[in-house]
file target-v6.txt (compact mmCIF, C-alpha atoms)
# COMPACT_ATOMS: atom_id res chain seq x y z
CA MET A 1 0.00 0.00 0.00
CA GLY A 2 3.04 2.23 0.03
CA TYR A 3 3.25 3.01 3.76
CA ARG A 4 6.44 3.74 5.63
CA LYS A 5 7.66 1.47 8.41
CA SER A 6 6.80 4.15 10.96
CA THR A 7 3.08 4.17 10.03
CA PRO A 8 1.04 2.98 13.04
CA LEU A 9 -0.62 -0.42 12.63
CA ASN A 10 -4.08 0.90 13.46
CA ILE A 11 -3.82 3.28 10.48
CA VAL A 12 -2.73 0.46 8.16
CA SER A 13 -5.54 -1.86 9.34
CA ALA A 14 -8.15 0.91 9.04
CA GLU A 15 -7.03 1.77 5.51
CA SER A 16 -7.06 -1.89 4.44
CA LYS A 17 -10.55 -2.32 5.95
CA ASN A 18 -9.56 -5.41 7.93
CA LEU A 19 -11.89 -6.11 10.83
CA SER A 20 -10.42 -6.83 14.23
CA LEU A 21 -10.86 -10.42 15.38
CA GLU A 22 -13.18 -9.36 18.20
CA PHE A 23 -15.44 -7.36 15.87
CA ARG A 24 -15.45 -10.12 13.24
CA TYR A 25 -16.35 -12.69 15.91
CA GLU A 26 -19.21 -10.47 17.09
CA LEU A 27 -20.45 -9.88 13.54
CA LEU A 28 -20.44 -13.59 12.67
CA ALA A 29 -22.18 -14.49 15.94
CA TYR A 30 -25.00 -12.00 15.33
CA LYS A 31 -25.38 -13.13 11.72
CA TYR A 32 -25.59 -16.76 12.85
CA VAL A 33 -28.20 -16.01 15.52
CA LEU A 34 -30.33 -13.90 13.18
CA ARG A 35 -30.13 -16.50 10.42
CA SER A 36 -31.07 -19.21 12.91
CA LEU A 37 -34.08 -17.15 13.98
CA SER A 38 -35.34 -17.31 10.40
CA MET A 39 -35.90 -21.05 10.66
CA GLU A 40 -38.86 -22.37 12.64
CA ASN A 41 -38.12 -24.89 15.40
CA ASN A 42 -34.38 -24.47 15.10
CA PRO A 43 -32.73 -26.63 17.79
CA VAL A 44 -29.99 -24.04 18.38
CA ILE A 45 -32.54 -21.31 19.10
CA ASN A 46 -34.54 -23.64 21.35
CA SER A 47 -31.37 -24.43 23.32
CA LEU A 48 -30.41 -20.77 23.56
CA LYS A 49 -33.92 -19.89 24.72
CA ASN A 50 -33.80 -22.52 27.47
CA LEU A 51 -30.32 -21.48 28.54
CA LEU A 52 -31.30 -17.81 28.65
CA GLU A 53 -34.34 -18.59 30.81
CA LYS A 54 -32.14 -20.53 33.24
CA SER A 55 -29.49 -17.82 33.33
CA ASN A 56 -32.08 -15.12 34.10
CA ASN A 57 -33.83 -17.17 36.79
CA PRO A 58 -32.90 -15.67 40.19
CA THR A 59 -33.58 -18.92 42.08
CA LEU A 60 -30.97 -20.89 40.15
CA ASP A 61 -27.32 -20.44 40.94
CA PHE A 62 -25.75 -19.30 37.65
CA ASN A 63 -22.07 -18.92 38.52
CA TYR A 64 -20.51 -18.66 35.11
CA GLN A 65 -20.30 -15.88 32.59
CA LYS A 66 -22.73 -16.03 29.67
CA SER A 67 -21.26 -17.22 26.41
CA PHE A 68 -20.98 -14.70 23.63
CA ILE A 69 -23.55 -16.46 21.45
CA LEU A 70 -26.00 -16.37 24.35
CA GLU A 71 -25.42 -12.62 24.74
CA CYS A 72 -26.05 -12.18 21.01
CA TYR A 73 -29.30 -14.11 21.32
CA GLU A 74 -30.30 -12.08 24.40
CA ASN A 75 -29.70 -8.82 22.50
CA SER A 76 -31.60 -9.94 19.39
CA TRP A 77 -34.43 -12.23 20.56
CA PHE A 78 -36.99 -9.42 20.39
CA TYR A 79 -36.48 -9.27 16.60
CA CYS A 80 -38.16 -12.69 16.29
CA GLY A 81 -41.48 -11.10 15.35
CA LEU A 82 -39.87 -9.04 12.60
CA ILE A 83 -37.91 -11.86 10.97
CA ASP A 84 -39.76 -13.94 8.41
CA SER A 85 -39.39 -17.56 9.48
CA SER A 86 -40.23 -20.78 7.69
CA PRO A 87 -39.62 -24.52 8.18
CA VAL A 88 -36.71 -24.42 5.74
CA TYR A 89 -34.11 -21.78 5.01
CA TYR A 90 -35.15 -19.12 2.51
CA LEU A 91 -32.54 -20.33 0.04
CA TYR A 92 -34.17 -23.76 -0.19
CA GLN A 93 -37.79 -22.62 -0.59
CA TYR A 94 -37.53 -22.61 -4.37
CA SER A 95 -36.67 -25.40 -6.74
CA HIS A 96 -33.15 -25.89 -7.98
CA GLN A 97 -34.23 -25.25 -11.58
CA SER A 98 -35.44 -21.74 -10.71
CA ARG A 99 -31.81 -20.67 -10.30
CA PHE A 100 -31.09 -21.32 -13.96
CA TYR A 101 -33.71 -18.96 -15.38
CA THR A 102 -32.22 -16.80 -18.11
CA PRO A 103 -34.22 -13.70 -18.96
CA ASN A 104 -34.56 -12.50 -22.55
CA ILE A 105 -32.20 -9.58 -23.02
CA ASP A 106 -32.31 -7.35 -26.07
CA PHE A 107 -28.70 -6.44 -26.98
CA LYS A 108 -29.60 -5.21 -30.48
CA THR A 109 -31.32 -2.10 -29.15
CA GLY A 110 -28.26 -1.23 -27.06
CA GLU A 111 -25.96 -1.71 -30.03
CA LYS A 112 -28.15 0.56 -32.17
CA LEU A 113 -28.05 3.25 -29.48
CA GLN A 114 -24.31 2.87 -28.98
CA ASN A 115 -23.58 3.33 -32.69
CA SER A 116 -26.07 6.16 -33.18
CA PRO A 117 -24.89 9.80 -33.33
CA ARG A 118 -28.27 10.88 -31.85
CA ALA A 119 -28.55 8.27 -29.10
CA ASN A 120 -30.84 10.32 -26.81
CA ASP A 121 -33.34 11.07 -29.55
CA GLN A 122 -33.29 7.49 -30.80
CA PHE A 123 -33.77 6.22 -27.23
CA MET A 124 -36.83 8.41 -26.77
CA ASP A 125 -38.22 7.27 -30.13
CA MET A 126 -37.70 3.60 -29.29
CA PHE A 127 -39.09 3.54 -25.79
CA ILE A 128 -41.74 6.24 -25.75
CA GLY A 129 -42.93 5.27 -29.20
CA THR A 130 -43.45 1.64 -28.11
CA LYS A 131 -45.70 2.36 -25.15
CA ASN A 132 -48.57 0.02 -24.72
CA LYS A 133 -50.77 -1.16 -21.86
CA ASP A 134 -48.63 -4.20 -21.07
CA PHE A 135 -45.74 -2.45 -19.36
CA ILE A 136 -44.66 0.71 -17.55
CA ASN A 137 -41.37 2.43 -18.29
CA ILE A 138 -39.42 2.64 -15.04
CA PHE A 139 -36.01 4.26 -15.35
CA THR A 140 -32.91 3.69 -13.23
CA ASP A 141 -33.65 6.66 -10.99
CA GLY A 142 -37.00 5.06 -10.08
CA SER A 143 -39.15 7.54 -11.99
CA LYS A 144 -42.06 6.48 -14.16
CA ILE A 145 -43.49 7.99 -17.32
CA ARG A 146 -47.25 8.35 -17.31
CA ALA A 147 -49.17 7.18 -20.37
CA ASP A 148 -50.32 10.70 -21.20
CA ASP A 149 -46.91 12.36 -20.82
CA HIS A 150 -45.00 12.41 -24.13
CA SER A 151 -42.69 15.38 -23.54
call {"tool": "encode", "arguments": {"input": "target-v6.txt", "output": "structure tokens"}}
result
Amino acid sequence: MGYRKSTPLNIVSAESKNLSLEFRYELLAYKYVLRSLSMENNPVINSLKNLLEKSNNPTLDFNYQKSFILECYENSWFYCGLIDSSPVYYLYQYSHQSRFYTPNIDFKTGEKLQNSPRANDQFMDMFIGTKNKDFINIFTDGSKIRADDHS
């Protein structure tokens, strides 16, 4: 990266965007707990729930420090109602063949526009001139063109 030997290590690690081991451990633990919450009847979550109830029970003698994963669960259990959960992970809810869908892409129109000296005018002629009731033109900035607006 071109630093001198005298450059402090915290500057080098910040510039290279390397996470500290403690922060990475925390991030992975939270991601694991939240992903586990997305699956109904997950045995890990059931075990964490039981362990948390026992650790918060004042009548039981709980002499050890809570594990980090249990602290992550304790800090994020109230998100359970907001997380969509299902019997299987979200990734496996669809068939394997659905991942191989190839949409029809029109490269010819792009090539015509790229080679045109009046690309903006030709673009407007192509897309505003082809309006019909089957689709709505939505542009990359999220704006829409109404059917009655031709300016």
call {"tool": "closest_atom_pairs", "arguments": {"input": "target-v6.txt", "of": "segment 41-63 of chain A", "to": "segment 71-91 of chain A", "cutoff": "8 Å", "atoms": "all atoms listed in the file", "output": "Markdown table"}}
result
| residue | atom | partner | partner_atom | distance |
| --- | --- | --- | --- | --- |
| A:Asn41 | CA | A:Pro87 | CA | 7.4 |
| A:Leu48 | CA | A:Tyr73 | CA | 7.1 |
| A:Leu52 | CA | A:Glu74 | CA | 7.2 |
call {"tool": "atom_distance", "arguments": {"input": "target-v6.txt", "atom1": "atom CA of Leu21 of chain A", "atom2": "atom CA of Leu37 of chain A"}}
result
24.2 Å
call {"tool": "atom_distance", "arguments": {"input": "target-v6.txt", "atom1": "atom CA of Ile11 of chain A", "atom2": "atom CA of Leu28 of chain A"}}
result
23.8 Å
call {"tool": "atom_distance", "arguments": {"input": "target-v6.txt", "atom1": "atom CA of Arg24 of chain A", "atom2": "atom CA of Asn50 of chain A"}}
result
26.3 Å
call {"tool": "axis_aligned_box", "arguments": {"input": "target-v6.txt", "around": "segment 23-29 of chain A", "padding_each_side": "3 Å", "output": "lines of an AutoDock Vina configuration file"}}
result
center_x = -18.8
center_y = -10.9
center_z = 14.9
size_x = 12.7
size_y = 13.1
size_z = 10.4
call {"tool": "closest_residue", "arguments": {"input": "target-v6.txt", "among": "A:Ser95, A:Val33, A:Ile105, A:Ala119", "to": "Lys49 of chain A", "atoms": "only C-alpha atoms"}}
result
A:Val33
call {"tool": "decode", "arguments": {"input": "target-v6.txt", "residues": "segment 9-39 of chain A", "atoms": "N, CA and C atoms", "output": "PDB file, in the first residue's frame"}}
result
ATOM      1  N   LEU A   9       0.139   0.734  13.126  1.00  0.00           N
ATOM      2  CA  LEU A   9      -0.618  -0.415  12.634  1.00  0.00           C
ATOM      3  C   LEU A   9      -2.115  -0.155  12.579  1.00  0.00           C
ATOM      4  N   ASN A  10      -2.638   0.642  13.507  1.00  0.00           N
ATOM      5  CA  ASN A  10      -4.078   0.903  13.462  1.00  0.00           C
ATOM      6  C   ASN A  10      -4.459   1.698  12.220  1.00  0.00           C
ATOM      7  N   ILE A  11      -3.567   2.538  11.719  1.00  0.00           N
ATOM      8  CA  ILE A  11      -3.825   3.276  10.476  1.00  0.00           C
ATOM      9  C   ILE A  11      -3.813   2.312   9.295  1.00  0.00           C
ATOM     10  N   VAL A  12      -2.843   1.418   9.263  1.00  0.00           N
ATOM     11  CA  VAL A  12      -2.731   0.456   8.163  1.00  0.00           C
ATOM     12  C   VAL A  12      -3.952  -0.457   8.144  1.00  0.00           C
ATOM     13  N   SER A  13      -4.383  -0.961   9.320  1.00  0.00           N
ATOM     14  CA  SER A  13      -5.541  -1.861   9.342  1.00  0.00           C
ATOM     15  C   SER A  13      -6.827  -1.121   9.001  1.00  0.00           C
ATOM     16  N   ALA A  14      -6.947   0.141   9.393  1.00  0.00           N
ATOM     17  CA  ALA A  14      -8.151   0.909   9.044  1.00  0.00           C
ATOM     18  C   ALA A  14      -8.206   1.172   7.541  1.00  0.00           C
ATOM     19  N   GLU A  15      -7.067   1.500   6.951  1.00  0.00           N
ATOM     20  CA  GLU A  15      -7.033   1.769   5.509  1.00  0.00           C
ATOM     21  C   GLU A  15      -7.288   0.514   4.684  1.00  0.00           C
ATOM     22  N   SER A  16      -6.853  -0.644   5.189  1.00  0.00           N
ATOM     23  CA  SER A  16      -7.059  -1.885   4.441  1.00  0.00           C
ATOM     24  C   SER A  16      -8.424  -2.511   4.713  1.00  0.00           C
ATOM     25  N   LYS A  17      -9.195  -1.884   5.613  1.00  0.00           N
ATOM     26  CA  LYS A  17     -10.552  -2.319   5.946  1.00  0.00           C
ATOM     27  C   LYS A  17     -10.590  -3.740   6.501  1.00  0.00           C
ATOM     28  N   ASN A  18      -9.570  -4.116   7.245  1.00  0.00           N
ATOM     29  CA  ASN A  18      -9.556  -5.407   7.932  1.00  0.00           C
ATOM     30  C   ASN A  18     -10.273  -5.242   9.261  1.00  0.00           C
ATOM     31  N   LEU A  19     -11.190  -6.156   9.561  1.00  0.00           N
ATOM     32  CA  LEU A  19     -11.895  -6.111  10.831  1.00  0.00           C
ATOM     33  C   LEU A  19     -11.030  -6.734  11.911  1.00  0.00           C
ATOM     34  N   SER A  20     -11.132  -6.195  13.119  1.00  0.00           N
ATOM     35  CA  SER A  20     -10.425  -6.830  14.228  1.00  0.00           C
ATOM     36  C   SER A  20     -11.076  -8.181  14.502  1.00  0.00           C
ATOM     37  N   LEU A  21     -10.327  -9.089  15.120  1.00  0.00           N
ATOM     38  CA  LEU A  21     -10.864 -10.424  15.381  1.00  0.00           C
ATOM     39  C   LEU A  21     -12.078 -10.364  16.289  1.00  0.00           C
ATOM     40  N   GLU A  22     -12.054  -9.474  17.267  1.00  0.00           N
ATOM     41  CA  GLU A  22     -13.181  -9.362  18.196  1.00  0.00           C
ATOM     42  C   GLU A  22     -14.442  -8.882  17.461  1.00  0.00           C
ATOM     43  N   PHE A  23     -14.288  -7.869  16.599  1.00  0.00           N
ATOM     44  CA  PHE A  23     -15.440  -7.357  15.867  1.00  0.00           C
ATOM     45  C   PHE A  23     -15.951  -8.385  14.864  1.00  0.00           C
ATOM     46  N   ARG A  24     -15.036  -9.092  14.201  1.00  0.00           N
ATOM     47  CA  ARG A  24     -15.452 -10.119  13.242  1.00  0.00           C
ATOM     48  C   ARG A  24     -16.181 -11.258  13.954  1.00  0.00           C
ATOM     49  N   TYR A  25     -15.705 -11.651  15.118  1.00  0.00           N
ATOM     50  CA  TYR A  25     -16.352 -12.694  15.908  1.00  0.00           C
ATOM     51  C   TYR A  25     -17.766 -12.257  16.294  1.00  0.00           C
ATOM     52  N   GLU A  26     -17.889 -10.995  16.719  1.00  0.00           N
ATOM     53  CA  GLU A  26     -19.206 -10.465  17.089  1.00  0.00           C
ATOM     54  C   GLU A  26     -20.139 -10.425  15.884  1.00  0.00           C
ATOM     55  N   LEU A  27     -19.649  -9.962  14.759  1.00  0.00           N
ATOM     56  CA  LEU A  27     -20.453  -9.877  13.538  1.00  0.00           C
ATOM     57  C   LEU A  27     -20.940 -11.255  13.109  1.00  0.00           C
ATOM     58  N   LEU A  28     -20.058 -12.238  13.088  1.00  0.00           N
ATOM     59  CA  LEU A  28     -20.443 -13.586  12.674  1.00  0.00           C
ATOM     60  C   LEU A  28     -21.428 -14.214  13.658  1.00  0.00           C
ATOM     61  N   ALA A  29     -21.266 -13.942  14.942  1.00  0.00           N
ATOM     62  CA  ALA A  29     -22.185 -14.491  15.937  1.00  0.00           C
ATOM     63  C   ALA A  29     -23.580 -13.916  15.752  1.00  0.00           C
ATOM     64  N   TYR A  30     -23.684 -12.608  15.551  1.00  0.00           N
ATOM     65  CA  TYR A  30     -25.001 -11.996  15.328  1.00  0.00           C
ATOM     66  C   TYR A  30     -25.633 -12.501  14.036  1.00  0.00           C
ATOM     67  N   LYS A  31     -24.838 -12.627  12.983  1.00  0.00           N
ATOM     68  CA  LYS A  31     -25.384 -13.129  11.720  1.00  0.00           C
ATOM     69  C   LYS A  31     -25.897 -14.557  11.874  1.00  0.00           C
ATOM     70  N   TYR A  32     -25.169 -15.378  12.641  1.00  0.00           N
ATOM     71  CA  TYR A  32     -25.591 -16.757  12.851  1.00  0.00           C
ATOM     72  C   TYR A  32     -26.891 -16.813  13.641  1.00  0.00           C
ATOM     73  N   VAL A  33     -26.981 -16.011  14.702  1.00  0.00           N
ATOM     74  CA  VAL A  33     -28.197 -16.013  15.523  1.00  0.00           C
ATOM     75  C   VAL A  33     -29.384 -15.516  14.706  1.00  0.00           C
ATOM     76  N   LEU A  34     -29.211 -14.438  13.969  1.00  0.00           N
ATOM     77  CA  LEU A  34     -30.330 -13.902  13.181  1.00  0.00           C
ATOM     78  C   LEU A  34     -30.741 -14.849  12.067  1.00  0.00           C
ATOM     79  N   ARG A  35     -29.778 -15.523  11.450  1.00  0.00           N
ATOM     80  CA  ARG A  35     -30.131 -16.502  10.422  1.00  0.00           C
ATOM     81  C   ARG A  35     -30.844 -17.702  11.047  1.00  0.00           C
ATOM     82  N   SER A  36     -30.422 -18.097  12.227  1.00  0.00           N
ATOM     83  CA  SER A  36     -31.072 -19.210  12.910  1.00  0.00           C
ATOM     84  C   SER A  36     -32.492 -18.849  13.327  1.00  0.00           C
ATOM     85  N   LEU A  37     -32.733 -17.578  13.638  1.00  0.00           N
ATOM     86  CA  LEU A  37     -34.084 -17.146  13.982  1.00  0.00           C
ATOM     87  C   LEU A  37     -35.038 -17.226  12.788  1.00  0.00           C
ATOM     88  N   SER A  38     -34.483 -17.258  11.585  1.00  0.00           N
ATOM     89  CA  SER A  38     -35.337 -17.306  10.395  1.00  0.00           C
ATOM     90  C   SER A  38     -35.857 -18.706  10.102  1.00  0.00           C
ATOM     91  N   MET A  39     -35.424 -19.686  10.874  1.00  0.00           N
ATOM     92  CA  MET A  39     -35.900 -21.052  10.664  1.00  0.00           C
ATOM     93  C   MET A  39     -36.754 -21.472  11.860  1.00  0.00           C
TER      94      MET A  39
END
